[in-house]
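A.B. asks: Got a file for you: run.cif, mmCIF, C-alpha atoms and all ligand atoms.
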```cif
data_my_file
#
loop_
_atom_site.label_atom_id
_atom_site.label_comp_id
_atom_site.auth_asym_id
_atom_site.auth_seq_id
_atom_site.Cartn_x
_atom_site.Cartn_y
_atom_site.Cartn_z
CA MET D 47 -51.23 45.27 96.37
CA GLU D 48 -50.31 43.08 99.30
CA VAL D 49 -52.95 41.04 101.05
CA THR D 50 -52.89 38.33 103.68
CA THR D 51 -54.53 34.90 103.43
CA ASN D 52 -55.28 31.99 105.76
CA ASP D 53 -55.03 28.18 105.44
CA ASN D 54 -58.23 28.13 103.36
CA ARG D 55 -56.47 30.49 100.92
CA HIS D 56 -59.11 33.12 101.79
CA LEU D 57 -58.34 36.80 102.17
CA THR D 58 -58.00 37.87 105.79
CA ILE D 59 -58.70 41.33 107.19
CA GLY D 60 -57.23 41.99 110.60
CA GLY D 61 -56.77 38.23 110.94
CA ILE D 62 -60.42 37.44 110.10
CA ASP D 63 -61.58 35.42 107.11
CA ALA D 64 -63.14 37.89 104.65
CA VAL D 65 -65.31 35.23 102.98
CA ASN D 66 -66.77 34.30 106.36
CA LEU D 67 -67.45 37.99 107.06
CA ALA D 68 -69.26 38.29 103.73
CA HIS D 69 -71.40 35.23 104.49
CA LYS D 70 -72.15 36.26 108.04
CA TYR D 71 -72.98 39.94 107.44
CA GLN D 72 -74.02 39.70 103.76
CA THR D 73 -72.74 41.90 100.96
CA PRO D 74 -72.06 44.59 99.97
CA LEU D 75 -70.14 44.97 103.19
CA VAL D 76 -67.67 47.60 104.38
CA VAL D 77 -64.95 46.25 106.67
CA TYR D 78 -62.37 48.24 108.61
CA ASP D 79 -59.17 46.88 110.13
CA VAL D 80 -59.07 48.93 113.33
CA ALA D 81 -55.44 48.06 114.09
CA GLN D 82 -54.45 49.70 110.81
CA ILE D 83 -56.38 52.87 111.70
CA LYS D 84 -54.66 53.04 115.07
CA ALA D 85 -51.21 52.32 113.61
CA GLN D 86 -51.48 55.28 111.23
CA ILE D 87 -52.58 57.66 113.97
CA ASN D 88 -49.76 56.46 116.18
CA ALA D 89 -47.28 56.99 113.33
CA PHE D 90 -48.44 60.62 113.04
CA LYS D 91 -48.13 61.14 116.78
CA ARG D 92 -44.67 59.58 116.93
CA VAL D 93 -43.30 62.10 114.42
CA PHE D 94 -44.57 65.04 116.44
CA GLU D 95 -43.22 63.56 119.64
CA GLU D 96 -39.81 62.85 118.14
CA GLN D 97 -39.66 66.43 116.88
CA GLN D 98 -40.89 67.76 120.22
CA VAL D 99 -43.52 70.15 118.99
CA ALA D 100 -46.94 70.83 120.46
CA TYR D 101 -49.53 69.23 118.15
CA GLU D 102 -52.96 67.79 117.59
CA VAL D 103 -54.01 65.10 115.15
CA SER D 104 -57.59 65.94 114.21
CA TYR D 105 -59.36 63.21 112.25
CA ALA D 106 -61.29 64.70 109.31
CA SER D 107 -64.42 62.67 109.86
CA LYS D 108 -66.04 63.41 106.51
CA ALA D 109 -63.81 60.59 105.19
CA PHE D 110 -65.85 58.11 107.25
CA CYS D 111 -68.38 59.21 109.82
CA ALA D 112 -70.08 56.84 112.25
CA THR D 113 -70.40 56.52 116.01
CA ALA D 114 -67.80 53.75 116.15
CA ILE D 115 -65.03 55.65 114.40
CA TYR D 116 -65.44 58.65 116.71
CA GLN D 117 -65.10 56.23 119.64
CA VAL D 118 -61.89 54.76 118.24
CA ILE D 119 -60.43 58.20 117.52
CA ASN D 120 -61.33 59.31 121.04
CA THR D 121 -59.55 56.36 122.66
CA LEU D 122 -56.36 57.62 121.00
CA GLY D 123 -56.78 61.08 122.50
CA CYS D 124 -57.12 62.76 119.10
CA HIS D 125 -59.29 65.63 118.00
CA THR D 126 -61.84 65.40 115.19
CA ASP D 127 -63.12 67.74 112.48
CA VAL D 128 -66.77 67.98 111.59
CA VAL D 129 -68.25 69.84 108.63
CA SER D 130 -71.97 69.80 109.38
CA GLY D 131 -74.50 69.71 112.18
CA GLY D 132 -75.07 66.05 111.33
CA GLU D 133 -71.43 65.10 111.81
CA LEU D 134 -71.35 67.15 115.01
CA ALA D 135 -74.46 65.34 116.30
CA THR D 136 -72.89 61.96 115.50
CA ALA D 137 -69.63 62.86 117.26
CA LEU D 138 -71.44 64.12 120.35
CA LYS D 139 -73.72 61.08 120.41
CA ALA D 140 -70.59 58.91 120.31
CA GLY D 141 -69.39 60.69 123.45
CA PHE D 142 -66.64 62.57 121.66
CA PRO D 143 -65.49 65.44 123.92
CA ALA D 144 -66.88 68.69 122.49
CA GLU D 145 -63.70 70.60 123.34
CA LYS D 146 -61.75 68.36 120.94
CA ILE D 147 -64.02 69.05 117.97
CA SER D 148 -63.21 71.58 115.22
CA PHE D 149 -66.16 72.75 113.15
CA HIS D 150 -65.43 73.48 109.48
CA GLY D 151 -67.55 74.65 106.57
CA ASN D 152 -67.89 77.48 104.07
CA ASN D 153 -71.60 77.99 104.73
CA LYS D 154 -72.43 76.99 108.27
CA SER D 155 -76.06 77.80 108.88
CA ILE D 156 -77.16 79.85 111.83
CA ALA D 157 -78.74 76.71 113.29
CA GLU D 158 -75.43 74.87 112.95
CA LEU D 159 -73.53 77.70 114.62
CA GLU D 160 -76.09 77.85 117.43
CA TYR D 161 -75.72 74.10 117.90
CA ALA D 162 -71.91 74.29 117.90
CA VAL D 163 -71.82 77.18 120.38
CA LYS D 164 -74.43 75.58 122.63
CA SER D 165 -72.40 72.35 122.59
CA ASP D 166 -69.16 74.21 123.41
CA VAL D 167 -67.20 72.80 120.47
CA GLY D 168 -63.49 73.41 120.88
CA VAL D 169 -62.82 75.45 117.77
CA ILE D 170 -64.89 77.02 115.03
CA ILE D 171 -62.84 77.31 111.86
CA VAL D 172 -64.11 80.62 110.54
CA ASP D 173 -64.36 80.73 106.77
CA ASN D 174 -65.87 84.07 105.68
CA PHE D 175 -67.22 87.46 106.77
CA TYR D 176 -70.86 86.38 106.80
CA GLU D 177 -69.94 83.62 109.23
CA ILE D 178 -68.17 86.11 111.52
CA GLU D 179 -71.36 88.18 111.61
CA LEU D 180 -73.53 85.16 112.43
CA LEU D 181 -71.10 83.86 115.02
CA ILE D 182 -70.93 87.17 116.87
CA LYS D 183 -74.72 87.27 116.94
CA VAL D 184 -74.98 83.70 118.24
CA LEU D 185 -72.34 84.26 120.93
CA ARG D 186 -74.13 87.38 122.18
CA GLU D 187 -77.51 85.63 122.23
CA GLN D 188 -76.15 82.68 124.17
CA ASN D 189 -73.78 84.81 126.23
CA LYS D 190 -70.94 82.43 125.41
CA ASN D 191 -67.31 82.50 124.37
CA THR D 192 -65.62 80.50 121.67
CA ARG D 193 -62.22 79.84 120.19
CA VAL D 194 -61.74 80.25 116.45
CA ILE D 195 -59.13 79.51 113.82
CA LEU D 196 -59.11 81.60 110.65
CA ARG D 197 -59.12 79.65 107.42
CA VAL D 198 -57.13 81.35 104.69
CA THR D 199 -56.74 80.58 100.99
CA PRO D 200 -52.99 80.24 100.72
CA GLY D 201 -52.90 80.44 96.92
CA ILE D 202 -51.40 76.97 96.75
CA SER D 203 -53.30 74.06 95.33
CA ALA D 204 -52.05 70.53 95.24
CA HIS D 205 -53.18 67.58 93.19
CA THR D 206 -51.79 64.09 93.25
CA HIS D 207 -48.59 64.70 91.33
CA GLU D 208 -48.32 68.45 91.08
CA TYR D 209 -48.88 71.58 93.03
CA ASP D 210 -49.37 75.10 92.03
CA GLN D 211 -48.42 78.08 94.11
CA THR D 212 -50.37 80.69 92.24
CA GLY D 213 -53.58 78.81 91.53
CA GLN D 214 -56.54 78.34 93.81
CA VAL D 215 -56.89 81.95 94.92
CA ASP D 216 -60.20 81.38 93.21
CA SER D 217 -61.62 79.05 95.88
CA LYS D 218 -64.85 78.96 97.83
CA PHE D 219 -62.98 78.29 101.07
CA GLY D 220 -61.30 80.76 103.38
CA PHE D 221 -60.16 84.35 103.44
CA ASP D 222 -58.04 85.69 100.60
CA ILE D 223 -54.64 86.89 101.73
CA ASP D 224 -53.30 89.30 99.12
CA SER D 225 -56.42 91.47 98.98
CA GLY D 226 -56.25 92.02 102.74
CA GLN D 227 -59.37 89.97 103.62
CA ALA D 228 -57.50 87.78 106.09
CA ASP D 229 -56.13 90.86 107.90
CA LYS D 230 -59.55 92.44 108.03
CA ALA D 231 -61.08 89.23 109.40
CA LEU D 232 -58.43 88.96 112.10
CA GLU D 233 -58.98 92.58 113.09
CA GLN D 234 -62.73 92.01 113.43
CA LEU D 235 -62.23 88.87 115.48
CA LEU D 236 -59.62 90.43 117.77
CA ASN D 237 -62.12 93.17 118.59
CA GLU D 238 -64.66 90.66 119.87
CA PRO D 239 -64.35 90.02 123.60
CA ASN D 240 -66.23 86.71 123.26
CA ILE D 241 -63.80 85.31 120.73
CA GLU D 242 -60.32 83.93 121.21
CA VAL D 243 -58.34 83.58 117.97
CA LEU D 244 -56.16 80.46 118.25
CA GLY D 245 -54.49 80.75 114.87
CA LEU D 246 -54.51 80.00 111.20
CA HIS D 247 -55.72 77.22 108.94
CA ALA D 248 -55.16 76.13 105.36
CA HIS D 249 -56.01 72.92 103.50
CA ILE D 250 -54.50 72.61 100.06
CA GLY D 251 -56.12 69.54 98.58
CA SER D 252 -56.45 65.80 98.83
CA GLN D 253 -54.62 62.64 97.73
CA ILE D 254 -51.37 64.62 97.52
CA PHE D 255 -48.14 62.79 96.73
CA GLU D 256 -45.66 65.67 96.68
CA LEU D 257 -43.98 67.33 99.65
CA GLY D 258 -43.60 70.65 97.82
CA GLY D 259 -47.14 71.87 98.40
CA PHE D 260 -46.84 71.29 102.13
CA GLU D 261 -43.47 73.08 102.28
CA LEU D 262 -45.07 76.07 100.60
CA VAL D 263 -48.09 76.06 102.86
CA GLY D 264 -45.88 75.87 105.96
CA GLN D 265 -43.86 78.84 104.70
CA LYS D 266 -46.88 80.84 103.67
CA LEU D 267 -48.75 80.38 106.94
CA MET D 268 -45.66 81.31 108.96
CA GLN D 269 -45.23 84.45 106.85
CA ILE D 270 -48.81 85.40 107.67
CA ALA D 271 -48.14 84.70 111.34
CA LYS D 272 -45.12 87.01 111.20
CA HIS D 273 -47.12 89.69 109.40
CA TRP D 274 -49.89 89.47 112.04
CA GLN D 275 -47.32 89.75 114.80
CA ASP D 276 -45.86 92.88 113.24
CA LYS D 277 -49.15 94.49 112.27
CA PHE D 278 -51.44 93.54 115.16
CA GLY D 279 -49.06 92.30 117.86
CA TYR D 280 -50.98 89.04 117.52
CA GLU D 281 -49.25 85.77 118.34
CA THR D 282 -50.41 82.71 116.37
CA LYS D 283 -50.74 79.81 118.79
CA VAL D 284 -51.96 77.15 116.34
CA LEU D 285 -50.94 76.51 112.77
CA ASN D 286 -53.44 74.08 111.27
CA VAL D 287 -52.06 72.76 107.98
CA GLY D 288 -55.04 70.60 107.00
CA GLY D 289 -54.89 67.08 105.59
CA GLY D 290 -54.60 65.60 102.12
CA PHE D 291 -51.80 63.06 102.51
CA GLY D 292 -51.98 60.62 99.59
CA ILE D 293 -52.51 56.87 99.92
CA LYS D 294 -51.88 53.83 97.75
CA TYR D 295 -54.97 52.75 95.82
CA THR D 296 -53.31 50.63 93.16
CA ALA D 297 -49.89 49.14 92.49
CA GLU D 298 -49.06 52.22 90.35
CA ASP D 299 -49.36 54.55 93.34
CA THR D 300 -46.13 55.00 95.28
CA PRO D 301 -46.90 57.56 97.96
CA LEU D 302 -44.63 58.49 100.82
CA ALA D 303 -45.74 57.24 104.21
CA PRO D 304 -48.26 59.87 105.38
CA GLU D 305 -46.16 60.72 108.44
CA LYS D 306 -43.32 61.80 106.12
CA PHE D 307 -45.42 64.78 105.06
CA VAL D 308 -45.78 65.72 108.68
CA GLU D 309 -42.06 65.43 109.26
CA LYS D 310 -41.49 67.89 106.41
CA ILE D 311 -44.12 70.32 107.64
CA ILE D 312 -42.58 70.37 111.11
CA GLN D 313 -39.11 71.05 109.69
CA VAL D 314 -40.37 73.91 107.55
CA VAL D 315 -42.37 75.52 110.33
CA LYS D 316 -39.47 75.25 112.78
CA LYS D 317 -37.07 76.78 110.27
CA GLN D 318 -39.47 79.64 109.54
CA ALA D 319 -40.01 80.32 113.24
CA LYS D 320 -36.27 80.73 113.67
CA GLU D 321 -35.76 82.84 110.54
CA LEU D 322 -38.74 85.09 111.11
CA GLU D 323 -38.04 85.30 114.85
CA ILE D 324 -41.52 84.35 115.94
CA SER D 325 -42.50 81.72 118.47
CA LEU D 326 -43.16 78.19 117.28
CA PRO D 327 -46.92 77.58 117.16
CA ALA D 328 -48.54 74.23 117.88
CA ILE D 329 -49.00 72.31 114.62
CA TRP D 330 -52.36 70.69 113.95
CA ILE D 331 -53.03 68.26 111.12
CA GLU D 332 -56.37 67.03 109.78
CA PRO D 333 -55.85 63.70 108.02
CA GLY D 334 -58.95 61.87 106.82
CA ARG D 335 -58.14 59.62 103.88
CA SER D 336 -54.75 58.49 105.22
CA ILE D 337 -56.29 57.32 108.50
CA VAL D 338 -59.29 55.33 107.25
CA GLY D 339 -58.64 54.80 103.52
CA PRO D 340 -56.10 51.96 103.54
CA ALA D 341 -57.86 50.27 106.49
CA GLY D 342 -61.14 49.82 104.57
CA TYR D 343 -62.33 46.98 102.32
CA ASN D 344 -65.56 46.67 100.35
CA LEU D 345 -66.77 43.10 99.94
CA TYR D 346 -69.11 42.21 97.09
CA THR D 347 -70.67 39.01 95.77
CA VAL D 348 -70.19 38.10 92.11
CA GLY D 349 -73.43 37.82 90.12
CA ALA D 350 -74.13 38.23 86.43
CA ARG D 351 -71.53 38.11 83.70
CA LYS D 352 -71.73 39.40 80.16
CA ASP D 353 -69.27 38.17 77.54
CA ILE D 354 -69.02 40.16 74.31
CA PRO D 355 -66.96 38.75 71.46
CA GLY D 356 -63.89 40.92 70.94
CA HIS D 357 -64.38 42.91 74.17
CA LEU D 358 -63.62 42.51 77.84
CA PRO D 359 -66.30 40.71 79.83
CA TYR D 360 -68.46 42.60 82.32
CA LEU D 361 -68.44 40.94 85.73
CA ALA D 362 -71.19 42.41 87.90
CA VAL D 363 -71.25 42.57 91.69
CA ASP D 364 -74.07 43.36 94.13
CA GLY D 365 -72.90 46.91 94.93
CA GLY D 366 -71.45 49.81 92.98
CA MET D 367 -71.86 53.57 92.81
CA GLY D 368 -74.32 53.59 95.71
CA ASP D 369 -71.66 52.39 98.15
CA ASN D 370 -68.63 53.84 96.36
CA ILE D 371 -69.23 56.68 93.96
CA ARG D 372 -65.57 57.63 93.56
CA PRO D 373 -64.90 55.65 90.36
CA ALA D 374 -67.99 57.11 88.65
CA LEU D 375 -67.51 60.59 90.11
CA TYR D 376 -63.84 61.14 89.41
CA GLN D 377 -62.47 58.08 87.70
CA ALA D 378 -60.86 56.96 90.95
CA LYS D 379 -58.81 53.81 90.54
CA TYR D 380 -58.89 50.85 92.89
CA ALA D 381 -57.40 47.39 93.18
CA ALA D 382 -59.49 44.32 94.02
CA VAL D 383 -58.88 40.64 94.66
CA LEU D 384 -60.89 37.45 94.64
CA ALA D 385 -61.38 37.04 98.39
CA ASN D 386 -61.93 33.26 97.98
CA ASP D 387 -58.37 32.92 96.71
CA PRO D 388 -56.44 36.17 96.22
CA LYS D 389 -53.27 34.37 95.22
CA ALA D 390 -54.86 32.14 92.57
CA LYS D 391 -53.46 32.38 89.06
CA ILE D 392 -54.75 35.38 87.08
CA GLN D 393 -56.81 34.17 84.12
CA GLU D 394 -58.58 37.13 82.60
CA THR D 395 -59.23 40.88 82.65
CA VAL D 396 -62.78 42.08 83.28
CA HIS D 397 -64.73 45.29 83.73
CA LEU D 398 -65.90 45.08 87.34
CA ALA D 399 -69.41 46.46 87.04
CA GLY D 400 -71.84 47.61 89.69
CA LYS D 401 -75.59 46.87 89.77
CA TYR D 402 -76.84 50.45 89.40
CA CYS D 403 -78.73 51.72 86.38
CA GLU D 404 -75.94 53.86 84.98
CA SER D 405 -73.49 52.81 82.28
CA GLY D 406 -70.88 54.70 84.27
CA ASP D 407 -71.36 52.40 87.25
CA ILE D 408 -68.09 50.55 86.73
CA LEU D 409 -66.09 50.01 89.90
CA ILE D 410 -62.85 48.99 88.19
CA ASP D 411 -62.43 49.46 84.47
CA GLU D 412 -59.82 46.75 83.96
CA LEU D 413 -59.38 44.20 86.69
CA ALA D 414 -57.18 41.12 86.35
CA LEU D 415 -58.77 38.16 88.13
CA PRO D 416 -58.59 34.39 88.44
CA LYS D 417 -61.62 32.52 87.07
CA THR D 418 -64.70 33.49 89.08
CA LYS D 419 -68.20 32.10 89.50
CA PRO D 420 -71.44 33.52 90.87
CA GLY D 421 -71.32 33.62 94.65
CA ASP D 422 -67.59 34.32 94.85
CA ILE D 423 -66.54 37.27 96.98
CA ILE D 424 -64.59 40.18 95.53
CA ALA D 425 -62.73 42.49 97.91
CA MET D 426 -61.99 46.02 96.78
CA LEU D 427 -59.00 47.42 98.66
CA ALA D 428 -58.37 50.78 100.34
CA THR D 429 -62.02 51.79 100.12
CA GLY D 430 -62.21 53.22 103.64
CA ALA D 431 -62.23 56.92 102.76
CA TYR D 432 -65.08 58.76 101.01
CA GLY D 433 -66.80 55.50 100.13
CA TYR D 434 -69.41 54.74 102.77
CA SER D 435 -69.50 58.44 103.74
CA MET D 436 -70.66 59.29 100.21
CA ALA D 437 -73.04 56.33 99.97
CA SER D 438 -76.52 56.96 98.60
CA ASN D 439 -79.79 55.16 98.16
CA TYR D 440 -79.74 55.54 94.39
CA ASN D 441 -82.11 53.02 92.81
CA ARG D 442 -83.43 52.58 96.35
CA ASN D 443 -80.68 50.20 97.24
CA PRO D 444 -80.12 49.97 100.99
CA ARG D 445 -76.72 51.19 102.13
CA PRO D 446 -74.33 48.45 103.25
CA ALA D 447 -73.46 47.36 106.77
CA VAL D 448 -70.10 48.31 108.32
CA VAL D 449 -68.02 45.92 110.40
CA PHE D 450 -64.92 46.70 112.49
CA VAL D 451 -62.38 43.93 113.02
CA GLU D 452 -59.71 43.97 115.72
CA ASN D 453 -57.88 41.36 117.79
CA GLY D 454 -59.46 38.54 115.82
CA GLN D 455 -62.99 39.80 116.58
CA ALA D 456 -65.56 41.28 114.21
CA LYS D 457 -68.19 43.74 115.36
CA LEU D 458 -71.12 45.18 113.44
CA VAL D 459 -70.87 48.98 113.86
CA VAL D 460 -73.42 50.18 111.29
CA LYS D 461 -76.40 47.99 110.47
CA ARG D 462 -77.40 47.31 106.90
CA GLU D 463 -80.33 49.47 105.83
CA THR D 464 -83.63 47.66 105.37
CA TYR D 465 -86.45 48.30 102.90
CA ALA D 466 -88.41 49.71 105.85
CA ASP D 467 -85.58 52.24 106.43
CA LEU D 468 -85.90 53.29 102.80
CA THR D 469 -89.53 54.35 103.12
CA HIS D 470 -89.65 55.52 106.71
CA LEU D 471 -89.48 59.21 105.76
CA ASP D 472 -92.05 58.90 102.96
CA GLN D 473 -95.54 60.30 103.59
CA PRO D 474 -98.60 59.24 101.60
CA TYR D 475 -99.94 61.79 99.13
CA LEU D 476 -103.20 60.04 98.28
C1 LIG F 501 -61.40 67.06 103.60
C2 LIG F 501 -60.57 67.86 104.50
C3 LIG F 501 -59.52 67.27 105.19
C4 LIG F 501 -59.11 65.84 105.01
O1 LIG F 501 -58.55 65.59 103.77
P1 LIG F 501 -57.96 64.13 103.44
O2 LIG F 501 -57.55 64.23 102.03
O3 LIG F 501 -59.06 63.15 103.65
O4 LIG F 501 -56.82 63.91 104.38
C5 LIG F 501 -58.83 68.06 106.08
N1 LIG F 501 -59.14 69.36 106.28
C6 LIG F 501 -60.14 69.95 105.62
C7 LIG F 501 -60.45 71.37 105.88
C8 LIG F 501 -60.89 69.24 104.72
O5 LIG F 501 -61.89 69.84 104.05
#
```
Since I need it in another form, could you write the structure as structure tokens?
Ligand SMILES: *Cc1c(COP(=O)(O)O)cnc(C)c1O
C.D. replies:
Amino acid sequence: MEVTTNDNRHLTIGGIDAVNLAHKYQTPLVVYDVAQIKAQINAFKRVFEEQQVAYEVSYASKAFCATAIYQVINTLGCHTDVVSGGELATALKAGFPAEKISFHGNNKSIAELEYAVKSDVGVIIVDNFYEIELLIKVLREQNKNTRVILRVTPGISAHTHEYDQTGQVDSKFGFDIDSGQADKALEQLLNEPNIEVLGLHAHIGSQIFELGGFELVGQKLMQIAKHWQDKFGYETKVLNVGGGFGIKYTAEDTPLAPEKFVEKIIQVVKKQAKELEISLPAIWIEPGRSIVGPAGYNLYTVGARKDIPGHLPYLAVDGGMGDNIRPALYQAKYAAVLANDPKAKIQETVHLAGKYCESGDILIDELALPKTKPGDIIAMLATGAYGYSMASNYNRNPRPAVVFVENGQAKLVVKRETYADLTHLDQPYL
């Protein structure tokens, strides 16, 4: 994994000395290189513009949700996805325009739907029949209109290195196609004067490396669009193909540039539009991981070490599964470097252990490092997606601070939790 260093041989992030950041803001610390976030979004946009199709890039904010990221996304004119009332509240508080928000979820509560409708969110991505019922009720009560996109289960599931075009009919998300549920949902929605149906949505998975799944989803959604045109005279205006573009976590990962997936999707959709003789819909994408993942770094301080004869040593840092549960949750792999001198000669392989009371709290199972000592700073790379957003207070550890760096400046965008924060919801019993 490539990293940059300065004259002190220290790791730099967005031109800033990572060891200085760790000392100034303390560790564990989450750092984002904002220029990298913007570059990826601009790469997505460029592909759409070169191909001259109507589009939206909608940042899937569950990957990293905080006021500051919504502000950055908004400066680039993008949309954002939210999946809960809490994400919606954060986006609105950040000043994100409601009309550019899409609201996802397979079990939106009535309170969440009321909040979304009251706030005039741009699109509600409708997931099931119960939600249609609730939404109609809420719209009538508030005497409001809304735009919706229908989420379907395309019967395609994709995992890192494979995809499957028959699997995943058995999913909790979206309307089934073959049994006629999607048709029935469209019919219900078209009959509602308060609802405008913008189009169709599918999301086939995450950390996907293969183009094949996206080709299939483009084809499948266009076939549905054609079928809806023939059966209902309905014209699909938006084809939302979801996110899931894979990123490089370790040297073994060799993903395509995320915008290459988009290029493929556009080609497929254009070809289908011509063949099926239907109009070309706008294409919306919902990248999360590919926008914030590679731009994020987790900084930790080295503490205890345990050497066991005949086994790899355990090198413990001051964070772990509370700030990044992905290794413990699904054996996610990461790379890390010694931020004090990333290019120093490798001397040993260690288990990089967290500080949480779980044997499974190992951040990196086998990490090759130079010699380290307590107080050194370790930087885990590409931690920007589903790390901080899944952070917990397990063992009552405060969640880390988050810093954005850009143009040689660092700015604290989420404060570190304090012990007072940890007990502020507690109420005495005795
Ligand atoms: C999680 C999610 C995304 C983003 O997926 P990434 O793998 O982070 O790009 C997009 N759309 C939907 C509906 C999602 O649930």
A.B. asks: Can you pull out the residues contacting stretch 281-287 of chain D? Cut-off 8 Å, using all atoms listed in the file, and skip same-chain residues under 4 positions away; I want them as a list in words.
C.D. replies: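 Skipping anything fewer than 4 positions along the chain leaves Ile195, Leu244, Gly245, Leu246, His247, Ala248, His249, Phe260, Val263, Gly264, Leu267, Ala271, Trp274, Gln275, Ser325, Leu326, Pro327, Ala328, Ile329, Trp330, Ile331 and Glu332 of chain D.
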A.B. asks: Considering only C-alpha atoms, can you say which of D:Lys146, D:Arg335, D:Arg92, D:Lys183 comes closest to D:Leu159?
C.D. replies: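 Nearest to D:Leu159: D:Lys183.
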A.B. asks: With only C-alpha atoms and all ligand atoms counted, collect every polymer residue having an atom within 7 Å of ligand LIG 501 (chain F); state the result as a ChimeraX atom specification.
C.D. replies: /D:106,108-109,150,249,251-253,288-291,332-336
A.B. asks: Report, in Å to a single decimal, how far apart atom CA of D:Tyr376 and atom CA of D:Ser405 are.
C.D. replies: 14.6 Å
A.B. asks: Just the number, please: distance in Å from atom CA of D:Lys294 to atom CA of D:Glu463, one decimal.
C.D. replies: 29.9 Å
A.B. asks: Quick one: pull the distance between atom CA of D:Ala437 and atom CA of D:Asp299, Å, one decimal.
C.D. replies: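 Distance reported for this atom pair: 24.7 Å.
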A.B. asks: So that I can check the surroundings of D:Asn370, please list as a VMD selection string every protein, DNA and RNA residue that reaches within 10 Å of it, counting only C-alpha atoms and ignoring chain neighbours fewer than 5 positions away.
C.D. replies: chain D and resid 344 365 375 378 400 407 409 429 to 438
A.B. asks: For D:Val93, which of D:Thr199, D:Ser107, D:Ser217, D:Gln313 is the closest residue, counting only C-alpha atoms?
C.D. replies: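 Of D:Thr199, D:Ser107, D:Ser217, D:Gln313, the one nearest D:Val93, counting only C-alpha atoms, is D:Gln313.
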A.B. asks: Return the single residue from D:Val80, D:Ala85, D:Val348, D:Val448 that is closest to D:Lys419, with distances computed using all atoms listed in the file.
C.D. replies: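 Comparing D:Val80, D:Ala85, D:Val348, D:Val448 against D:Lys419, the winner is D:Val348.
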